[in-house]
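K.L.:
Quick one: this structure, given as structure tokens, is what I'll be asking you about.
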Amino acid sequence: MLALSLTNGLVIGIVYALTALGVSLVVGIMNVVNFAHGEFYILAGYFSYLFAHTLGIHPLAAMVIAVGLVFLLGLVVEYTLIRPTYGDDMYSLILTFILSIVFQSLFLLVFGPYPNKPPSWIKGATEVFGLFHYGNQRLAALAAGVVVIALFFAMLKLTWFGRMIRAAAQDREMAELNGINTTRLNLLSFGLGCALAAAAGVILAPVFPVTPTAGTPVALTAFVCVVLGGMGSMSGCVLGGLVLGVVENLGAAYVSTGYKHVFMFLILILVLLFRPAGLFGRREV
Amino acid sequence: MVKAIDNRWWLAAAVAGFAALPWGLGIYHQHVLIVSLFYVMMTASWNLLAGYTGQVSFGHAAFAGIGAYASGILATKVGLNPWLGVGAGTLAAAVFGFLLGVLCLKMGGIYLSLTTLGFSEILHIIINNEYEITRGTMGLQVPGLIAEYSKLAYFYIFLAGAIITLAVVHRLIHANIGLNFRAVQNDERAAAALGVDVVRVRVLAFTVSSALAGMAGALYGHYLLLITPQIPSLDQQFLVLSMTVIGGLGSFAGPVIGAFGLEILSEYIRAYGEYHVLAFGLVALIVARFAPRGLVGVWKQFMDRRRPAA
Amino acid sequence: MALLEGRRLSKRFGGVQALTEVDFAVEAGAIVGLIGPNGAGKTTLFNIVAGALPPGEGQVVFDGWPITGKPAFRICRRGIARTFQVTRPFGEMTCLENVAVAIVNRRPDLGRAAWGPMAMEYLEAVGLGALAETAAKHLNVIQKKRLEIARALATEPKLLMLDEVLGGLNTQEIQEAVGFIRDLRDTRGLTVFWIEHVMGAIMQAAEKVIVLDQGRVLMVGTPKAVVADERVISAYLGT
Ligand SMILES: Nc1ncnc2c1ncn2[C@@H]1O[C@H](COP(=O)(O)OP(=O)(O)OP(=O)(O)O)[C@@H](O)[C@H]1O
Ligand SMILES: [Mg+2]
């Protein structure tokens, strides 16, 4: 039981981390919290369902197309809605919140209220450490999450784009002085943030099907990860995601299933009370 | 001075005219007016926070829910008089608002938005899980505020509630604390350098705003006679936000105009069912993007342009 | 006696060491200049004193009180007012309301009828009387700097910290401004701590000058001694 909960927590935690990375990236660079982040996750889930199920494209190809489309949509949203609000944090909150409701009602109209599930990549189950049988699809989700996170960090460390991101997250004005085109950087970061949510969505949708309103808890979890890890700290939010995933599943197993998501809120309160800059925070308060 | 007295007469005449309105209307239209007045309370109090101090709470509907459920549960479990229940609901919302505010407002505005959204989700989970007490999605049946149910009486109760809310907002924004609200919204670092206790000002605004939402919610619950999770839902929050943004964030009249406009409109387009949230969303998105001060802002700009340059 | 004293103040931003073990003192009733090349750490020093930045190491003592790391609004209420180099007006509020914010937090008992005329006096003192009802966002840069000073004075401070308030003025306006600031000290007994690039003004007004360079105190002395000093000259010329 304990081992199973831990494994579940790890799988979910990795996907939380992936979602939270997108939020963290956008907060760190643009100081914008995207309240429609969860809807991008859900949208990618719907896309991969649509392409794989309805159009009969191979599930993996469907996933890639879904992430790509959400990335493009993220660019459009940044260009049309977010860009004019620079310097006014309040309006970006309001706009992205409205956007999230617009998405939710669109999902409801197009896909209906019932859960939709893209096909699994693989079938069957594997015996883990001789302790319990665990669904192969979940194991695959874990692996995929780890790979995407690793790729993201590699990009941050190794590429020119990654260096620009790190520079801008450190000190925007300095980055601007050093000739970084921050307007384009914002555009790409926002798109990338959405793409990370989308990646999480396509990875987890075969396990947890998507519904029109499921994006809100997804986004909230990501926000808590980001606060837990320290606003703008990338590695912090990965750890935050793992912590949340594990705590949530242990809580569900040993305390109460119905209150699964409440544990996360308790963690948020504790962090705000005792470590407001986050467990691994570096931002000055 | 003469001008101020003039305005007061106009205002009294408008309120009197409005108060006479339901006599000529049928039950259905009276209902629409009552719901509109509920939204006036919600938008005016949300605007106090968002429009005058620049902090966005996504838990305003949740605080209305706190007010409604607190009063409703006290009435059904302990048999508390619903009027006292409204007071208790207001107080409960104020206490929750104060605690949440103290918890996150020293960290800045974004944290308030995150925490209130979380709060609203948690409230839903609790309402659904504590079925014995809240009756979950079935809804909690509660007694009315008056012995004999009458739309007309409820109309006057809600009118009084709206006037109280608007009076509180008006007093605050025109008092010294209102200067502090706006200073904090304009530039919190400069405000702090001039001696403004920024965290205190924010917590105060958030507490008052939440308390007013609690009162609105408690009244609404005793009007509907059935309290459901629809009251503290995100859809409700969205509606309050859209009404304020479309009417005019940060202006006194904006929320009132938005509340009446959108509520009456939504009665007309209710026939199109699910499309109406989408339609409001798109309109709100366009207004927030192109006319961030809403209809009132557009009107002011128009008047400024017509007036010969000073 | 020193009204304001800093002891071994250090501050770093990521990789930048903005201040290194800075010791300084501002005597009560004096006008003390703070000069140094761009990026020397002058504004950072002000920010730490005023509580606008979390301190690094070291202590700040004001009027016998340790104020290190106290919130900005408390430091203001203790009697330190500062202007911002990059002005920060409340753009959507009128000039009168901008000044009123400073008044009502000192005197919460005053209503509009009482603070209105008071705020007007401060505005008139800096020559903004005619713009009292104008939204601050419509002011030009020079007017915004004046508004900064009016707001700072309205907090009725013991110590006034000015961060480059003369930028953009012509010679005659500079003369007037210097006269105005000396007058504040002479008639109101204000102590002034003043960052300025316009050396002529500092030469005329200050009794003492502190020179910062790359986050360290390069020298402290009379204006005459400072401008004659080899190290100061080469710091400014950037050798
Ligand atoms: N908030 C900040 N974050 C990061 N670095 C900062 C910050 N404030 C100042 N710095 C850095 O600290 C150093 C000192 O800056 P400061 O503004 O104190 O200089 P200054 O002496 O006031 O210069 P100037 O004469 O140009 O106003 C600079 O290298 C600057 O880039
Ligand atoms: Mg400076």
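By convention here, the chains of the structure tokens are called A, B, ... in the order presented, each chain's residues are numbered starting at 1, and ligands are numbered starting at 1 in the order presented.
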Set the cut-off to 9 Å and count only C-alpha atoms: what are the residues of chain B that reach chain C? Output as a count of residues only.

P.N.:
21

K.L.:
Can you pull out every residue with an atom within 10 Å of ligand 1? Use only C-alpha atoms and all ligand atoms and format it as number ranges by chain.

P.N.:
A: 170-174, 284; C: 11-19, 34-48, 52-53, 85-86, 163-164, 195-197, 212-215

K.L.:
Provide the atom CA of A:Val102 to atom CA of A:Cys194 distance in Å, to one decimal place.

P.N.:
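Computing the Euclidean distance for atom CA of A:Val102 and atom CA of A:Cys194 yields 16.4 Å.
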
K.L.:
Just the number, please: distance in Å from atom CA of B:Leu166 to atom CA of B:Gly254, one decimal.

P.N.:
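Between these atoms lies a distance of 11.8 Å.
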
K.L.:
Which distance in Å separates atom CA of B:Gly248 and atom CA of A:Leu95, to one decimal?

P.N.:
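Separation of atom CA of B:Gly248 and atom CA of A:Leu95: 14.6 Å.
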
K.L.:
Taking a cut-off of 9 Å and counting only C-alpha atoms, can you build a table that, for each residue of chain B near chain A, reports the nearest atom pair and how far apart they are in Å (one decimal), sorted by chain then residue number, as JSON lines?

P.N.:
```
{"residue": "B:Ala50", "atom": "CA", "partner": "A:Met90", "partner_atom": "CA", "distance": 8.3}
{"residue": "B:Gly54", "atom": "CA", "partner": "A:Met90", "partner_atom": "CA", "distance": 6.5}
{"residue": "B:Gln55", "atom": "CA", "partner": "A:Met90", "partner_atom": "CA", "distance": 6.9}
{"residue": "B:Val56", "atom": "CA", "partner": "A:Met90", "partner_atom": "CA", "distance": 6.7}
{"residue": "B:Phe58", "atom": "CA", "partner": "A:Phe97", "partner_atom": "CA", "distance": 8.7}
{"residue": "B:Leu103", "atom": "CA", "partner": "A:Leu272", "partner_atom": "CA", "distance": 6.4}
{"residue": "B:Cys104", "atom": "CA", "partner": "A:Leu272", "partner_atom": "CA", "distance": 6.5}
{"residue": "B:Lys106", "atom": "CA", "partner": "A:Pro276", "partner_atom": "CA", "distance": 8.9}
{"residue": "B:Met107", "atom": "CA", "partner": "A:Pro276", "partner_atom": "CA", "distance": 7.2}
{"residue": "B:Gly109", "atom": "CA", "partner": "A:Met90", "partner_atom": "CA", "distance": 8.2}
{"residue": "B:Ile110", "atom": "CA", "partner": "A:Val33", "partner_atom": "CA", "distance": 7.5}
{"residue": "B:Tyr111", "atom": "CA", "partner": "A:Val227", "partner_atom": "CA", "distance": 8.6}
{"residue": "B:Ser113", "atom": "CA", "partner": "A:Leu93", "partner_atom": "CA", "distance": 7.9}
{"residue": "B:Leu114", "atom": "CA", "partner": "A:Phe223", "partner_atom": "CA", "distance": 6.9}
{"residue": "B:Thr115", "atom": "CA", "partner": "A:Leu268", "partner_atom": "CA", "distance": 8.2}
{"residue": "B:Leu117", "atom": "CA", "partner": "A:Leu220", "partner_atom": "CA", "distance": 7.5}
{"residue": "B:Gly118", "atom": "CA", "partner": "A:Leu220", "partner_atom": "CA", "distance": 6.4}
{"residue": "B:Phe119", "atom": "CA", "partner": "A:Phe265", "partner_atom": "CA", "distance": 7.8}
{"residue": "B:Glu121", "atom": "CA", "partner": "A:Pro217", "partner_atom": "CA", "distance": 7.6}
{"residue": "B:Ile122", "atom": "CA", "partner": "A:Val262", "partner_atom": "CA", "distance": 6.1}
{"residue": "B:Ile125", "atom": "CA", "partner": "A:Tyr259", "partner_atom": "CA", "distance": 6.9}
{"residue": "B:Ile126", "atom": "CA", "partner": "A:Tyr259", "partner_atom": "CA", "distance": 7.7}
{"residue": "B:Asn128", "atom": "CA", "partner": "A:Gly258", "partner_atom": "CA", "distance": 8.7}
{"residue": "B:Asn129", "atom": "CA", "partner": "A:Gly258", "partner_atom": "CA", "distance": 6.4}
{"residue": "B:Leu234", "atom": "CA", "partner": "A:Ile101", "partner_atom": "CA", "distance": 8.5}
{"residue": "B:Asp235", "atom": "CA", "partner": "A:Ile101", "partner_atom": "CA", "distance": 7.6}
{"residue": "B:Phe238", "atom": "CA", "partner": "A:Ile98", "partner_atom": "CA", "distance": 6.9}
{"residue": "B:Leu241", "atom": "CA", "partner": "A:Ile94", "partner_atom": "CA", "distance": 8.1}
{"residue": "B:Ser242", "atom": "CA", "partner": "A:Ile98", "partner_atom": "CA", "distance": 7.8}
{"residue": "B:Val245", "atom": "CA", "partner": "A:Ile94", "partner_atom": "CA", "distance": 8.9}
{"residue": "B:Glu274", "atom": "CA", "partner": "A:Leu109", "partner_atom": "CA", "distance": 7.2}
{"residue": "B:Tyr275", "atom": "CA", "partner": "A:Ser105", "partner_atom": "CA", "distance": 7.8}
{"residue": "B:Val277", "atom": "CA", "partner": "A:Ser105", "partner_atom": "CA", "distance": 6.7}
{"residue": "B:Leu278", "atom": "CA", "partner": "A:Val102", "partner_atom": "CA", "distance": 5.5}
{"residue": "B:Ala279", "atom": "CA", "partner": "A:Val102", "partner_atom": "CA", "distance": 8.4}
{"residue": "B:Phe280", "atom": "CA", "partner": "A:Val102", "partner_atom": "CA", "distance": 8.6}
{"residue": "B:Gly281", "atom": "CA", "partner": "A:Val102", "partner_atom": "CA", "distance": 5.4}
{"residue": "B:Leu282", "atom": "CA", "partner": "A:Val102", "partner_atom": "CA", "distance": 6.9}
{"residue": "B:Ala284", "atom": "CA", "partner": "A:Ile98", "partner_atom": "CA", "distance": 7.3}
{"residue": "B:Leu285", "atom": "CA", "partner": "A:Leu95", "partner_atom": "CA", "distance": 6.3}
{"residue": "B:Ala288", "atom": "CA", "partner": "A:Leu95", "partner_atom": "CA", "distance": 6.8}
{"residue": "B:Arg289", "atom": "CA", "partner": "A:Leu81", "partner_atom": "CA", "distance": 6.6}
{"residue": "B:Pro292", "atom": "CA", "partner": "A:Tyr91", "partner_atom": "CA", "distance": 8.1}
```

K.L.:
Can you work out which one of A:Val77, A:Val23, A:Ala169, A:Val238 has the shortest atom-to-atom distance to chain C, counting only C-alpha atoms?

P.N.:
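Closest residue, counting only C-alpha atoms: A:Ala169.
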
K.L.:
Which residues, written as a PyMOL selection string, have at least one atom at most 7 Å from A:Ala200, with only C-alpha atoms counted and residues fewer than 2 positions away on the same chain left out?

P.N.:
chain A and resi 15+18-19+41+196-198+202-204

K.L.:
So, counting only C-alpha atoms, which residue among C:Pro54, C:Thr20, C:Arg8, C:Val126 is closest to chain A?

P.N.:
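Nearest to chain A: C:Pro54.
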
K.L.:
So which residues of stretch 150-194 of chain C fall under helix (DSSP H, G or I) by DSSP, listed as a PDB file with all heavy atoms, in the first residue's frame?

P.N.:
```
ATOM      1  N   ALA C 150       7.593  67.729  -2.814  1.00  0.00           N
ATOM      2  CA  ALA C 150       6.427  68.186  -2.049  1.00  0.00           C
ATOM      3  C   ALA C 150       5.888  67.055  -1.180  1.00  0.00           C
ATOM      4  O   ALA C 150       5.572  67.252  -0.006  1.00  0.00           O
ATOM      5  CB  ALA C 150       5.347  68.692  -3.001  1.00  0.00           C
ATOM      6  N   ARG C 151       5.790  65.841  -1.771  1.00  0.00           N
ATOM      7  CA  ARG C 151       5.274  64.705  -1.002  1.00  0.00           C
ATOM      8  C   ARG C 151       6.195  64.380   0.164  1.00  0.00           C
ATOM      9  O   ARG C 151       5.735  64.109   1.271  1.00  0.00           O
ATOM     10  CB  ARG C 151       5.173  63.462  -1.902  1.00  0.00           C
ATOM     11  CG  ARG C 151       4.096  63.537  -2.944  1.00  0.00           C
ATOM     12  CD  ARG C 151       3.792  62.185  -3.536  1.00  0.00           C
ATOM     13  NE  ARG C 151       4.981  61.424  -3.935  1.00  0.00           N
ATOM     14  CZ  ARG C 151       4.939  60.348  -4.702  1.00  0.00           C
ATOM     15  NH1 ARG C 151       3.787  59.908  -5.156  1.00  0.00           N
ATOM     16  NH2 ARG C 151       6.036  59.712  -5.020  1.00  0.00           N
ATOM     17  N   ALA C 152       7.497  64.405  -0.108  1.00  0.00           N
ATOM     18  CA  ALA C 152       8.452  64.080   0.951  1.00  0.00           C
ATOM     19  C   ALA C 152       8.339  65.093   2.081  1.00  0.00           C
ATOM     20  O   ALA C 152       8.307  64.739   3.259  1.00  0.00           O
ATOM     21  CB  ALA C 152       9.862  64.046   0.389  1.00  0.00           C
ATOM     22  N   LEU C 153       8.239  66.382   1.741  1.00  0.00           N
ATOM     23  CA  LEU C 153       8.130  67.405   2.784  1.00  0.00           C
ATOM     24  C   LEU C 153       6.841  67.239   3.583  1.00  0.00           C
ATOM     25  O   LEU C 153       6.804  67.498   4.777  1.00  0.00           O
ATOM     26  CB  LEU C 153       8.171  68.795   2.151  1.00  0.00           C
ATOM     27  CG  LEU C 153       9.536  69.218   1.610  1.00  0.00           C
ATOM     28  CD1 LEU C 153       9.432  70.571   0.920  1.00  0.00           C
ATOM     29  CD2 LEU C 153      10.564  69.263   2.738  1.00  0.00           C
ATOM     30  N   ALA C 154       5.790  66.791   2.899  1.00  0.00           N
ATOM     31  CA  ALA C 154       4.496  66.670   3.568  1.00  0.00           C
ATOM     32  C   ALA C 154       4.497  65.592   4.651  1.00  0.00           C
ATOM     33  O   ALA C 154       3.609  65.566   5.494  1.00  0.00           O
ATOM     34  CB  ALA C 154       3.401  66.375   2.547  1.00  0.00           C
ATOM     35  N   THR C 171      20.903  76.688 -15.461  1.00  0.00           N
ATOM     36  CA  THR C 171      21.736  77.240 -14.390  1.00  0.00           C
ATOM     37  C   THR C 171      20.936  78.067 -13.402  1.00  0.00           C
ATOM     38  O   THR C 171      21.116  77.948 -12.190  1.00  0.00           O
ATOM     39  CB  THR C 171      22.843  78.150 -14.977  1.00  0.00           C
ATOM     40  OG1 THR C 171      23.019  77.802 -16.342  1.00  0.00           O
ATOM     41  CG2 THR C 171      24.129  78.000 -14.205  1.00  0.00           C
ATOM     42  N   GLN C 172      20.037  78.886 -13.945  1.00  0.00           N
ATOM     43  CA  GLN C 172      19.303  79.758 -13.036  1.00  0.00           C
ATOM     44  C   GLN C 172      18.347  78.949 -12.161  1.00  0.00           C
ATOM     45  O   GLN C 172      18.223  79.191 -10.964  1.00  0.00           O
ATOM     46  CB  GLN C 172      18.536  80.804 -13.845  1.00  0.00           C
ATOM     47  CG  GLN C 172      18.133  81.988 -12.985  1.00  0.00           C
ATOM     48  CD  GLN C 172      16.830  82.586 -13.472  1.00  0.00           C
ATOM     49  OE1 GLN C 172      16.553  82.601 -14.681  1.00  0.00           O
ATOM     50  NE2 GLN C 172      16.027  83.074 -12.550  1.00  0.00           N
ATOM     51  N   GLU C 173      17.696  77.960 -12.767  1.00  0.00           N
ATOM     52  CA  GLU C 173      16.779  77.123 -11.988  1.00  0.00           C
ATOM     53  C   GLU C 173      17.539  76.349 -10.910  1.00  0.00           C
ATOM     54  O   GLU C 173      17.041  76.146  -9.809  1.00  0.00           O
ATOM     55  CB  GLU C 173      16.045  76.143 -12.918  1.00  0.00           C
ATOM     56  CG  GLU C 173      15.008  76.823 -13.786  1.00  0.00           C
ATOM     57  CD  GLU C 173      14.585  75.968 -14.970  1.00  0.00           C
ATOM     58  OE1 GLU C 173      15.356  75.059 -15.365  1.00  0.00           O
ATOM     59  OE2 GLU C 173      13.495  76.198 -15.498  1.00  0.00           O
ATOM     60  N   ILE C 174      18.756  75.946 -11.252  1.00  0.00           N
ATOM     61  CA  ILE C 174      19.563  75.246 -10.256  1.00  0.00           C
ATOM     62  C   ILE C 174      19.830  76.161  -9.073  1.00  0.00           C
ATOM     63  O   ILE C 174      19.692  75.765  -7.914  1.00  0.00           O
ATOM     64  CB  ILE C 174      20.888  74.753 -10.881  1.00  0.00           C
ATOM     65  CG1 ILE C 174      20.596  73.581 -11.818  1.00  0.00           C
ATOM     66  CG2 ILE C 174      21.880  74.332  -9.804  1.00  0.00           C
ATOM     67  CD1 ILE C 174      21.797  73.070 -12.559  1.00  0.00           C
ATOM     68  N   GLN C 175      20.160  77.421  -9.361  1.00  0.00           N
ATOM     69  CA  GLN C 175      20.385  78.393  -8.284  1.00  0.00           C
ATOM     70  C   GLN C 175      19.175  78.480  -7.374  1.00  0.00           C
ATOM     71  O   GLN C 175      19.287  78.432  -6.150  1.00  0.00           O
ATOM     72  CB  GLN C 175      20.684  79.777  -8.874  1.00  0.00           C
ATOM     73  CG  GLN C 175      22.117  79.948  -9.332  1.00  0.00           C
ATOM     74  CD  GLN C 175      23.104  79.483  -8.281  1.00  0.00           C
ATOM     75  OE1 GLN C 175      22.979  79.826  -7.107  1.00  0.00           O
ATOM     76  NE2 GLN C 175      24.080  78.682  -8.688  1.00  0.00           N
ATOM     77  N   GLU C 176      17.994  78.584  -7.998  1.00  0.00           N
ATOM     78  CA  GLU C 176      16.776  78.683  -7.204  1.00  0.00           C
ATOM     79  C   GLU C 176      16.584  77.447  -6.331  1.00  0.00           C
ATOM     80  O   GLU C 176      16.234  77.545  -5.157  1.00  0.00           O
ATOM     81  CB  GLU C 176      15.556  78.837  -8.124  1.00  0.00           C
ATOM     82  CG  GLU C 176      15.441  80.224  -8.724  1.00  0.00           C
ATOM     83  CD  GLU C 176      14.424  80.256  -9.861  1.00  0.00           C
ATOM     84  OE1 GLU C 176      13.603  79.311  -9.941  1.00  0.00           O
ATOM     85  OE2 GLU C 176      14.459  81.198 -10.649  1.00  0.00           O
ATOM     86  N   ALA C 177      16.818  76.297  -6.953  1.00  0.00           N
ATOM     87  CA  ALA C 177      16.601  75.043  -6.224  1.00  0.00           C
ATOM     88  C   ALA C 177      17.554  74.948  -5.033  1.00  0.00           C
ATOM     89  O   ALA C 177      17.154  74.562  -3.930  1.00  0.00           O
ATOM     90  CB  ALA C 177      16.795  73.849  -7.155  1.00  0.00           C
ATOM     91  N   VAL C 178      18.815  75.331  -5.266  1.00  0.00           N
ATOM     92  CA  VAL C 178      19.784  75.284  -4.169  1.00  0.00           C
ATOM     93  C   VAL C 178      19.341  76.208  -3.045  1.00  0.00           C
ATOM     94  O   VAL C 178      19.362  75.836  -1.865  1.00  0.00           O
ATOM     95  CB  VAL C 178      21.192  75.669  -4.668  1.00  0.00           C
ATOM     96  CG1 VAL C 178      22.131  75.916  -3.497  1.00  0.00           C
ATOM     97  CG2 VAL C 178      21.741  74.586  -5.580  1.00  0.00           C
ATOM     98  N   GLY C 179      18.862  77.412  -3.425  1.00  0.00           N
ATOM     99  CA  GLY C 179      18.362  78.346  -2.434  1.00  0.00           C
ATOM    100  C   GLY C 179      17.215  77.738  -1.646  1.00  0.00           C
ATOM    101  O   GLY C 179      17.149  77.839  -0.413  1.00  0.00           O
ATOM    102  N   PHE C 180      16.315  77.069  -2.372  1.00  0.00           N
ATOM    103  CA  PHE C 180      15.147  76.457  -1.748  1.00  0.00           C
ATOM    104  C   PHE C 180      15.558  75.406  -0.718  1.00  0.00           C
ATOM    105  O   PHE C 180      15.051  75.368   0.403  1.00  0.00           O
ATOM    106  CB  PHE C 180      14.283  75.837  -2.850  1.00  0.00           C
ATOM    107  CG  PHE C 180      13.100  75.071  -2.338  1.00  0.00           C
ATOM    108  CD1 PHE C 180      12.000  75.721  -1.802  1.00  0.00           C
ATOM    109  CD2 PHE C 180      13.080  73.681  -2.391  1.00  0.00           C
ATOM    110  CE1 PHE C 180      10.907  75.016  -1.339  1.00  0.00           C
ATOM    111  CE2 PHE C 180      11.995  72.962  -1.926  1.00  0.00           C
ATOM    112  CZ  PHE C 180      10.905  73.633  -1.395  1.00  0.00           C
ATOM    113  N   ILE C 181      16.519  74.591  -1.092  1.00  0.00           N
ATOM    114  CA  ILE C 181      16.914  73.497  -0.201  1.00  0.00           C
ATOM    115  C   ILE C 181      17.663  74.029   1.022  1.00  0.00           C
ATOM    116  O   ILE C 181      17.445  73.578   2.136  1.00  0.00           O
ATOM    117  CB  ILE C 181      17.720  72.450  -0.988  1.00  0.00           C
ATOM    118  CG1 ILE C 181      16.758  71.694  -1.914  1.00  0.00           C
ATOM    119  CG2 ILE C 181      18.429  71.480  -0.058  1.00  0.00           C
ATOM    120  CD1 ILE C 181      17.407  70.933  -3.021  1.00  0.00           C
ATOM    121  N   ARG C 182      18.516  75.028   0.791  1.00  0.00           N
ATOM    122  CA  ARG C 182      19.190  75.636   1.953  1.00  0.00           C
ATOM    123  C   ARG C 182      18.188  76.262   2.896  1.00  0.00           C
ATOM    124  O   ARG C 182      18.319  76.190   4.122  1.00  0.00           O
ATOM    125  CB  ARG C 182      20.182  76.704   1.484  1.00  0.00           C
ATOM    126  CG  ARG C 182      21.389  76.097   0.829  1.00  0.00           C
ATOM    127  CD  ARG C 182      22.276  77.180   0.333  1.00  0.00           C
ATOM    128  NE  ARG C 182      23.109  77.714   1.383  1.00  0.00           N
ATOM    129  CZ  ARG C 182      24.328  78.160   1.169  1.00  0.00           C
ATOM    130  NH1 ARG C 182      24.829  78.146  -0.039  1.00  0.00           N
ATOM    131  NH2 ARG C 182      25.030  78.644   2.160  1.00  0.00           N
ATOM    132  N   ASP C 183      17.174  76.858   2.271  1.00  0.00           N
ATOM    133  CA  ASP C 183      16.135  77.500   3.057  1.00  0.00           C
ATOM    134  C   ASP C 183      15.397  76.484   3.941  1.00  0.00           C
ATOM    135  O   ASP C 183      15.056  76.766   5.088  1.00  0.00           O
ATOM    136  CB  ASP C 183      15.154  78.154   2.082  1.00  0.00           C
ATOM    137  CG  ASP C 183      14.467  79.324   2.738  1.00  0.00           C
ATOM    138  OD1 ASP C 183      15.178  80.115   3.379  1.00  0.00           O
ATOM    139  OD2 ASP C 183      13.230  79.414   2.622  1.00  0.00           O
ATOM    140  N   LEU C 184      15.152  75.314   3.393  1.00  0.00           N
ATOM    141  CA  LEU C 184      14.481  74.258   4.164  1.00  0.00           C
ATOM    142  C   LEU C 184      15.273  73.959   5.424  1.00  0.00           C
ATOM    143  O   LEU C 184      14.725  73.795   6.503  1.00  0.00           O
ATOM    144  CB  LEU C 184      14.393  72.967   3.342  1.00  0.00           C
ATOM    145  CG  LEU C 184      13.382  72.919   2.211  1.00  0.00           C
ATOM    146  CD1 LEU C 184      13.506  71.594   1.464  1.00  0.00           C
ATOM    147  CD2 LEU C 184      11.980  73.088   2.753  1.00  0.00           C
ATOM    148  N   ARG C 185      16.568  73.850   5.246  1.00  0.00           N
ATOM    149  CA  ARG C 185      17.424  73.558   6.377  1.00  0.00           C
ATOM    150  C   ARG C 185      17.422  74.730   7.368  1.00  0.00           C
ATOM    151  O   ARG C 185      17.219  74.558   8.569  1.00  0.00           O
ATOM    152  CB  ARG C 185      18.844  73.256   5.890  1.00  0.00           C
ATOM    153  CG  ARG C 185      19.753  72.694   6.966  1.00  0.00           C
ATOM    154  CD  ARG C 185      20.593  73.765   7.642  1.00  0.00           C
ATOM    155  NE  ARG C 185      21.381  74.528   6.722  1.00  0.00           N
ATOM    156  CZ  ARG C 185      22.620  74.217   6.363  1.00  0.00           C
ATOM    157  NH1 ARG C 185      23.183  73.134   6.831  1.00  0.00           N
ATOM    158  NH2 ARG C 185      23.273  74.992   5.548  1.00  0.00           N
ATOM    159  N   ASP C 186      17.582  75.957   6.822  1.00  0.00           N
ATOM    160  CA  ASP C 186      17.741  77.110   7.711  1.00  0.00           C
ATOM    161  C   ASP C 186      16.461  77.433   8.461  1.00  0.00           C
ATOM    162  O   ASP C 186      16.505  77.760   9.644  1.00  0.00           O
ATOM    163  CB  ASP C 186      18.201  78.336   6.914  1.00  0.00           C
ATOM    164  CG  ASP C 186      19.580  78.088   6.301  1.00  0.00           C
ATOM    165  OD1 ASP C 186      20.283  77.195   6.820  1.00  0.00           O
ATOM    166  OD2 ASP C 186      19.917  78.760   5.317  1.00  0.00           O
ATOM    167  N   THR C 187      15.303  77.357   7.759  1.00  0.00           N
ATOM    168  CA  THR C 187      14.078  77.776   8.432  1.00  0.00           C
ATOM    169  C   THR C 187      13.365  76.630   9.133  1.00  0.00           C
ATOM    170  O   THR C 187      12.768  76.814  10.181  1.00  0.00           O
ATOM    171  CB  THR C 187      13.098  78.450   7.449  1.00  0.00           C
ATOM    172  OG1 THR C 187      12.828  77.522   6.415  1.00  0.00           O
ATOM    173  CG2 THR C 187      13.695  79.713   6.886  1.00  0.00           C
ATOM    174  N   ARG C 188      13.415  75.425   8.567  1.00  0.00           N
ATOM    175  CA  ARG C 188      12.687  74.324   9.184  1.00  0.00           C
ATOM    176  C   ARG C 188      13.583  73.401   9.997  1.00  0.00           C
ATOM    177  O   ARG C 188      13.102  72.432  10.579  1.00  0.00           O
ATOM    178  CB  ARG C 188      12.008  73.463   8.127  1.00  0.00           C
ATOM    179  CG  ARG C 188      11.004  74.200   7.292  1.00  0.00           C
ATOM    180  CD  ARG C 188      10.247  73.213   6.447  1.00  0.00           C
ATOM    181  NE  ARG C 188       9.526  73.899   5.415  1.00  0.00           N
ATOM    182  CZ  ARG C 188       8.351  73.508   4.965  1.00  0.00           C
ATOM    183  NH1 ARG C 188       7.785  72.425   5.457  1.00  0.00           N
ATOM    184  NH2 ARG C 188       7.744  74.168   4.002  1.00  0.00           N
TER     185      ARG C 188
END
```

K.L.:
Find the spatial neighbours of A:Val207, counting only C-alpha atoms, within a cut-off of 12 Å - ignore same-chain residues fewer than 6 positions away - and output them as a PyMOL selection string.

P.N.:
chain A and resi 8+11-12+15+45+115-123+135-142+200-201

K.L.:
What lies within 7 Å of B:Leu140 using only C-alpha atoms, ignoring chain neighbours under 4 positions off, as a list in words?

P.N.:
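Residues meeting the cut-off are Thr134, Arg135, Leu226, Ile227 and Thr228 of chain B.
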
K.L.:
Using only C-alpha atoms, which protein or nucleic acid residues come within 9 Å of B:Ala64? Drop anything in the same chain fewer than 4 positions from it, and give the result as number ranges by chain.

P.N.:
B: 42, 59-60, 68-69, 89-90, 93, 210-218, 220, 231-232

K.L.:
With distances taken over only C-alpha atoms, which of A:Pro209, A:Ala167, A:Leu72, A:Gly9 is nearest to chain C?

P.N.:
A:Ala167

K.L.:
Can you list, as a list in words, every residue of stretch 39-283 of chain A that DSSP puts in strand (DSSP E or B)?

P.N.:
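Matching residues, listed in order: Asn116, Ala125, Thr126, Glu127, Val128, Phe132, His133, Tyr134, Gly135 and Val210 of chain A.
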